file model-v2.pdb (PDB, C-alpha atoms)
ATOM      1  CA  VAL A 130     -48.521  15.848  20.295
ATOM      2  CA  ALA A 131     -46.628  15.993  23.542
ATOM      3  CA  GLU A 132     -42.846  15.572  23.481
ATOM      4  CA  SER A 133     -43.104  12.699  25.990
ATOM      5  CA  ASP A 134     -45.497  10.861  23.646
ATOM      6  CA  ILE A 135     -43.060  11.275  20.743
ATOM      7  CA  ALA A 136     -40.173  10.007  22.869
ATOM      8  CA  THR A 137     -42.210   6.970  23.952
ATOM      9  CA  ALA A 138     -43.233   6.218  20.360
ATOM     10  CA  GLU A 139     -39.619   6.577  19.194
ATOM     11  CA  GLN A 140     -38.408   4.166  21.876
ATOM     12  CA  ARG A 141     -41.060   1.678  20.751
ATOM     13  CA  ARG A 142     -40.061   2.112  17.083
ATOM     14  CA  LYS A 143     -36.401   1.588  17.924
ATOM     15  CA  LYS A 144     -37.142  -1.551  19.941
ATOM     16  CA  LEU A 145     -39.435  -3.048  17.267
ATOM     17  CA  HIS A 146     -37.036  -2.230  14.416
ATOM     18  CA  ASN A 147     -34.062  -3.794  16.144
ATOM     19  CA  THR A 148     -36.100  -6.817  17.290
ATOM     20  CA  ILE A 149     -36.959  -7.466  13.643
ATOM     21  CA  GLU A 150     -33.295  -7.106  12.676
ATOM     22  CA  ASP A 151     -32.306  -9.496  15.486
ATOM     23  CA  LEU A 152     -34.849 -12.047  14.269
ATOM     24  CA  LYS A 153     -33.266 -11.900  10.817
ATOM     25  CA  GLY A 154     -30.024 -12.938  12.494
ATOM     26  CA  SER A 155     -26.926 -11.081  13.575
ATOM     27  CA  ILE A 156     -25.010 -12.483  10.628
ATOM     28  CA  ARG A 157     -26.590 -12.552   7.206
ATOM     29  CA  VAL A 158     -25.030 -13.997   4.102
ATOM     30  CA  PHE A 159     -26.140 -12.787   0.697
ATOM     31  CA  CYS A 160     -25.001 -14.210  -2.633
ATOM     32  CA  ARG A 161     -24.719 -12.209  -5.844
ATOM     33  CA  VAL A 162     -23.748 -14.054  -9.014
ATOM     34  CA  ARG A 163     -22.302 -11.861 -11.720
ATOM     35  CA  PRO A 164     -23.247 -12.492 -15.331
ATOM     36  CA  ILE A 165     -20.847 -14.519 -17.422
ATOM     37  CA  SER A 166     -18.445 -12.235 -19.286
ATOM     38  CA  LYS A 167     -17.910 -12.000 -23.050
ATOM     39  CA  LYS A 168     -14.363 -13.288 -22.535
ATOM     40  CA  GLU A 169     -15.721 -16.368 -20.751
ATOM     41  CA  ILE A 170     -18.316 -16.958 -23.471
ATOM     42  CA  ASP A 171     -15.632 -16.609 -26.169
ATOM     43  CA  ALA A 172     -13.526 -19.194 -24.295
ATOM     44  CA  GLY A 173     -16.447 -21.639 -24.410
ATOM     45  CA  ASP A 174     -17.352 -21.337 -20.745
ATOM     46  CA  GLY A 175     -20.965 -21.604 -19.644
ATOM     47  CA  GLU A 176     -23.180 -21.025 -16.649
ATOM     48  CA  VAL A 177     -22.623 -23.409 -13.734
ATOM     49  CA  THR A 178     -25.094 -21.894 -11.268
ATOM     50  CA  LYS A 179     -28.867 -21.693 -11.202
ATOM     51  CA  GLN A 180     -31.025 -19.742  -8.788
ATOM     52  CA  THR A 181     -33.773 -22.134  -7.696
ATOM     53  CA  ASP A 182     -35.598 -19.649  -5.446
ATOM     54  CA  SER A 183     -34.941 -16.301  -3.740
ATOM     55  CA  MET A 184     -32.653 -17.951  -1.180
ATOM     56  CA  THR A 185     -31.139 -20.983  -2.933
ATOM     57  CA  LEU A 186     -28.342 -21.328  -5.472
ATOM     58  CA  GLN A 187     -27.684 -24.597  -7.255
ATOM     59  CA  VAL A 188     -24.086 -25.207  -8.322
ATOM     60  CA  GLY A 189     -23.684 -28.008 -10.809
ATOM     61  CA  GLU A 190     -26.197 -30.830 -10.621
ATOM     62  CA  ASP A 191     -25.910 -31.959  -7.021
ATOM     63  CA  ASN A 192     -24.976 -28.965  -4.857
ATOM     64  CA  SER A 193     -27.463 -26.459  -3.464
ATOM     65  CA  PHE A 194     -26.605 -23.661  -1.054
ATOM     66  CA  LYS A 195     -28.989 -21.572   1.063
ATOM     67  CA  PHE A 196     -28.450 -17.856   1.715
ATOM     68  CA  ASP A 197     -30.455 -15.024   3.228
ATOM     69  CA  ALA A 198     -30.892 -13.746  -0.332
ATOM     70  CA  VAL A 199     -29.613 -14.644  -3.804
ATOM     71  CA  TRP A 200     -29.337 -12.293  -6.773
ATOM     72  CA  THR A 201     -28.400 -13.450 -10.266
ATOM     73  CA  PRO A 202     -27.179 -10.764 -10.752
ATOM     74  CA  GLY A 203     -29.748  -8.385  -9.273
ATOM     75  CA  THR A 204     -29.635  -4.622  -9.528
ATOM     76  CA  GLN A 205     -27.739  -2.206  -7.340
ATOM     77  CA  ASP A 206     -31.157  -1.008  -6.087
ATOM     78  CA  GLU A 207     -32.184  -4.525  -5.038
ATOM     79  CA  ILE A 208     -28.920  -5.127  -3.212
ATOM     80  CA  PHE A 209     -29.145  -1.847  -1.301
ATOM     81  CA  GLU A 210     -32.790  -2.396  -0.323
ATOM     82  CA  ASP A 211     -31.747  -5.480   1.650
ATOM     83  CA  CYS A 212     -29.070  -3.418   3.453
ATOM     84  CA  ARG A 213     -30.985  -0.163   3.989
ATOM     85  CA  ASP A 214     -32.478  -1.046   7.385
ATOM     86  CA  LEU A 215     -28.994  -1.605   8.797
ATOM     87  CA  VAL A 216     -28.415   2.160   8.578
ATOM     88  CA  GLN A 217     -31.190   2.733  11.103
ATOM     89  CA  SER A 218     -29.690   0.048  13.347
ATOM     90  CA  ALA A 219     -26.309   1.796  13.193
ATOM     91  CA  LEU A 220     -27.873   5.138  14.098
ATOM     92  CA  ASP A 221     -29.703   3.402  16.952
ATOM     93  CA  GLY A 222     -26.283   2.457  18.350
ATOM     94  CA  TYR A 223     -25.840  -1.067  17.044
ATOM     95  CA  ASN A 224     -22.568  -2.210  15.481
ATOM     96  CA  VAL A 225     -23.028  -2.892  11.778
ATOM     97  CA  THR A 226     -20.501  -4.208   9.286
ATOM     98  CA  LEU A 227     -20.975  -4.878   5.588
ATOM     99  CA  PHE A 228     -18.305  -6.477   3.468
ATOM    100  CA  ALA A 229     -17.967  -8.272   0.163
ATOM    101  CA  TYR A 230     -16.039 -11.502  -0.197
ATOM    102  CA  GLY A 231     -15.109 -13.445  -3.306
ATOM    103  CA  GLN A 232     -12.447 -14.245  -5.823
ATOM    104  CA  THR A 233     -10.788 -11.673  -8.058
ATOM    105  CA  GLY A 234     -13.203 -10.489 -10.723
ATOM    106  CA  ALA A 235     -16.300 -11.682  -8.884
ATOM    107  CA  GLY A 236     -17.873  -8.207  -8.700
ATOM    108  CA  LYS A 237     -17.117  -7.114  -5.131
ATOM    109  CA  THR A 238     -15.990  -3.610  -6.078
ATOM    110  CA  PHE A 239     -18.964  -3.107  -8.379
ATOM    111  CA  THR A 240     -21.393  -4.244  -5.670
ATOM    112  CA  MET A 241     -19.831  -2.081  -2.968
ATOM    113  CA  SER A 242     -18.765   1.016  -4.975
ATOM    114  CA  GLY A 243     -20.668   0.791  -8.228
ATOM    115  CA  CYS A 244     -20.172   3.238 -11.060
ATOM    116  CA  PRO A 245     -21.772   6.548 -12.102
ATOM    117  CA  GLY A 246     -25.498   5.992 -12.433
ATOM    118  CA  GLN A 247     -25.296   2.620 -10.670
ATOM    119  CA  GLU A 248     -23.964   3.530  -7.242
ATOM    120  CA  GLY A 249     -23.093   0.619  -5.001
ATOM    121  CA  VAL A 250     -23.860  -0.186  -1.395
ATOM    122  CA  SER A 251     -21.179   2.119   0.105
ATOM    123  CA  PRO A 252     -22.183   5.457  -1.452
ATOM    124  CA  ARG A 253     -25.877   4.686  -1.008
ATOM    125  CA  THR A 254     -25.297   3.817   2.650
ATOM    126  CA  ILE A 255     -23.393   7.036   3.289
ATOM    127  CA  LYS A 256     -26.196   9.033   1.668
ATOM    128  CA  GLU A 257     -28.799   7.131   3.719
ATOM    129  CA  VAL A 258     -26.939   7.822   6.985
ATOM    130  CA  PHE A 259     -27.156  11.567   6.365
ATOM    131  CA  GLU A 260     -30.795  11.379   5.227
ATOM    132  CA  VAL A 261     -31.891   9.387   8.290
ATOM    133  CA  ALA A 262     -29.901  11.667  10.609
ATOM    134  CA  GLU A 263     -31.463  14.738   8.975
ATOM    135  CA  LYS A 264     -34.978  13.306   9.417
ATOM    136  CA  GLY A 265     -34.298  12.648  13.090
ATOM    137  CA  LYS A 266     -32.439  15.883  13.924
ATOM    138  CA  ASP A 267     -35.433  17.379  15.743
ATOM    139  CA  ARG A 268     -35.622  14.369  18.072
ATOM    140  CA  PHE A 269     -32.008  13.297  18.481
ATOM    141  CA  ASP A 270     -28.497  14.594  18.889
ATOM    142  CA  TYR A 271     -26.205  12.466  16.768
TER     143      TYR A 271
END

call {"tool": "encode", "arguments": {"input": "model-v2.pdb", "output": "structure tokens"}}
result
Amino acid sequence: VAESDIATAEQRRKKLHNTIEDLKGSIRVFCRVRPISKKEIDAGDGEVTKQTDSMTLQVGEDNSFKFDAVWTPGTQDEIFEDCRDLVQSALDGYNVTLFAYGQTGAGKTFTMSGCPGQEGVSPRTIKEVFEVAEKGKDRFDY
């Protein structure tokens, strides 16, 4: 395959990938609900949220909120899969930011950093950056 054909195909891939990401929206909001803790159960607390579909969270009886994705609680793998494509966007030159927001004890650090055997978004993203760069080293200078 000629180098010019590869370059043309790569430009097309880049454009299609980033068009799809743009269609998803430049800002995406995901919601991860941590499981109720033993301490909360012992105190008599109960669940107040219910996932009604993959994008909707019901809080109480009358309040529903829509997100780009909802996990209750979801696995570290599932969370990262929804973020993985942003690595390619970053390597294509787009600005990408991921952050976790929530009250103390909500699970932000676990989601972002994880623990041994259940790595979070940050270490997985760093690993993915190097893997994607390695795969593209013959075609690109990063």

call {"tool": "closest_residue", "arguments": {"input": "model-v2.pdb", "among": "A:Asp211, A:Asp206, A:Glu263, A:Asp270", "to": "A:Glu248", "atoms": "all atoms listed in the file"}}
result
A:Asp206

call {"tool": "residues_around", "arguments": {"input": "model-v2.pdb", "residues": "stretch 238-244 of chain A", "least_positions_apart": "6", "cutoff": "12 Å", "atoms": "all atoms listed in the file", "output": "ChimeraX atom specification"}}
result
/A:159-163,200,202-209,212,227-232,250-255

call {"tool": "atom_distance", "arguments": {"input": "model-v2.pdb", "atom1": "atom CA of A:Ser218", "atom2": "atom CA of A:Gln180"}}
result
29.7 Å

call {"tool": "atom_distance", "arguments": {"input": "model-v2.pdb", "atom1": "atom CA of A:Lys237", "atom2": "atom CA of A:Ala198"}}
result
16.0 Å

call {"tool": "axis_aligned_box", "arguments": {"input": "model-v2.pdb", "around": "stretch 212-216 of chain A", "padding_each_side": "4 Å", "output": "AutoDock Vina command-line options"}}
result
--center_x -30.4 --center_y -0.6 --center_z 6.1 --size_x 12.1 --size_y 13.6 --size_z 13.3

call {"tool": "closest_residue", "arguments": {"input": "model-v2.pdb", "among": "A:Pro164, A:Ala262, A:His146, A:Asn224", "to": "A:Thr178", "atoms": "all atoms listed in the file"}}
result
A:Pro164

call {"tool": "closest_residue", "arguments": {"input": "model-v2.pdb", "among": "A:Ala131, A:Ile165, A:Val199, A:Ala136", "to": "A:Thr181", "atoms": "all atoms listed in the file"}}
result
A:Val199

call {"tool": "closest_residue", "arguments": {"input": "model-v2.pdb", "among": "A:Ile170, A:Ile135, A:Leu145, A:Ile156", "to": "A:Val225", "atoms": "all atoms listed in the file"}}
result
A:Ile156

call {"tool": "atom_distance", "arguments": {"input": "model-v2.pdb", "atom1": "atom CA of A:Phe196", "atom2": "atom CA of A:Ser155"}}
result
13.7 Å

call {"tool": "residues_near_point", "arguments": {"input": "model-v2.pdb", "point": "(-31.8, -18.9, 0.0)", "cutoff": "8 Å", "atoms": "all atoms listed in the file", "output": "PyMOL selection string"}}
result
chain A and resi 182-186+194-199

call {"tool": "closest_residue", "arguments": {"input": "model-v2.pdb", "among": "A:Thr226, A:Asp221, A:Ser193, A:Arg213", "to": "A:Gly265", "atoms": "all atoms listed in the file"}}
result
A:Asp221

call {"tool": "closest_residue", "arguments": {"input": "model-v2.pdb", "among": "A:Gly154, A:Thr201, A:Asn147, A:Leu215", "to": "A:Glu257", "atoms": "all atoms listed in the file"}}
result
A:Leu215

call {"tool": "residues_around", "arguments": {"input": "model-v2.pdb", "residues": "stretch 139-144 of chain A", "least_positions_apart": "4", "cutoff": "12 Å", "atoms": "all atoms listed in the file", "output": "mmCIF file with C-alpha atoms, in the coordinates of the input"}}
result
data_model
loop_
_atom_site.group_PDB
_atom_site.id
_atom_site.type_symbol
_atom_site.label_atom_id
_atom_site.label_comp_id
_atom_site.auth_asym_id
_atom_site.auth_seq_id
_atom_site.Cartn_x
_atom_site.Cartn_y
_atom_site.Cartn_z
ATOM 1 C CA GLU A 132 -42.846 15.572 23.481
ATOM 2 C CA SER A 133 -43.104 12.699 25.990
ATOM 3 C CA ASP A 134 -45.497 10.861 23.646
ATOM 4 C CA ILE A 135 -43.060 11.275 20.743
ATOM 5 C CA THR A 148 -36.100 -6.817 17.290
ATOM 6 C CA ILE A 149 -36.959 -7.466 13.643
ATOM 7 C CA GLU A 150 -33.295 -7.106 12.676
ATOM 8 C CA ASP A 151 -32.306 -9.496 15.486
ATOM 9 C CA ASP A 214 -32.478 -1.046 7.385
ATOM 10 C CA GLN A 217 -31.190 2.733 11.103
ATOM 11 C CA SER A 218 -29.690 0.048 13.347
ATOM 12 C CA ALA A 219 -26.309 1.796 13.193
ATOM 13 C CA LEU A 220 -27.873 5.138 14.098
ATOM 14 C CA ASP A 221 -29.703 3.402 16.952
ATOM 15 C CA GLY A 222 -26.283 2.457 18.350
ATOM 16 C CA TYR A 223 -25.840 -1.067 17.044
ATOM 17 C CA GLY A 265 -34.298 12.648 13.090
ATOM 18 C CA ARG A 268 -35.622 14.369 18.072
ATOM 19 C CA PHE A 269 -32.008 13.297 18.481
#

call {"tool": "residues_near_point", "arguments": {"input": "model-v2.pdb", "point": "(-25.9, -27.6, -12.5)", "cutoff": "6 Å", "atoms": "all atoms listed in the file", "output": "ChimeraX atom specification"}}
result
/A:177-178,188-190
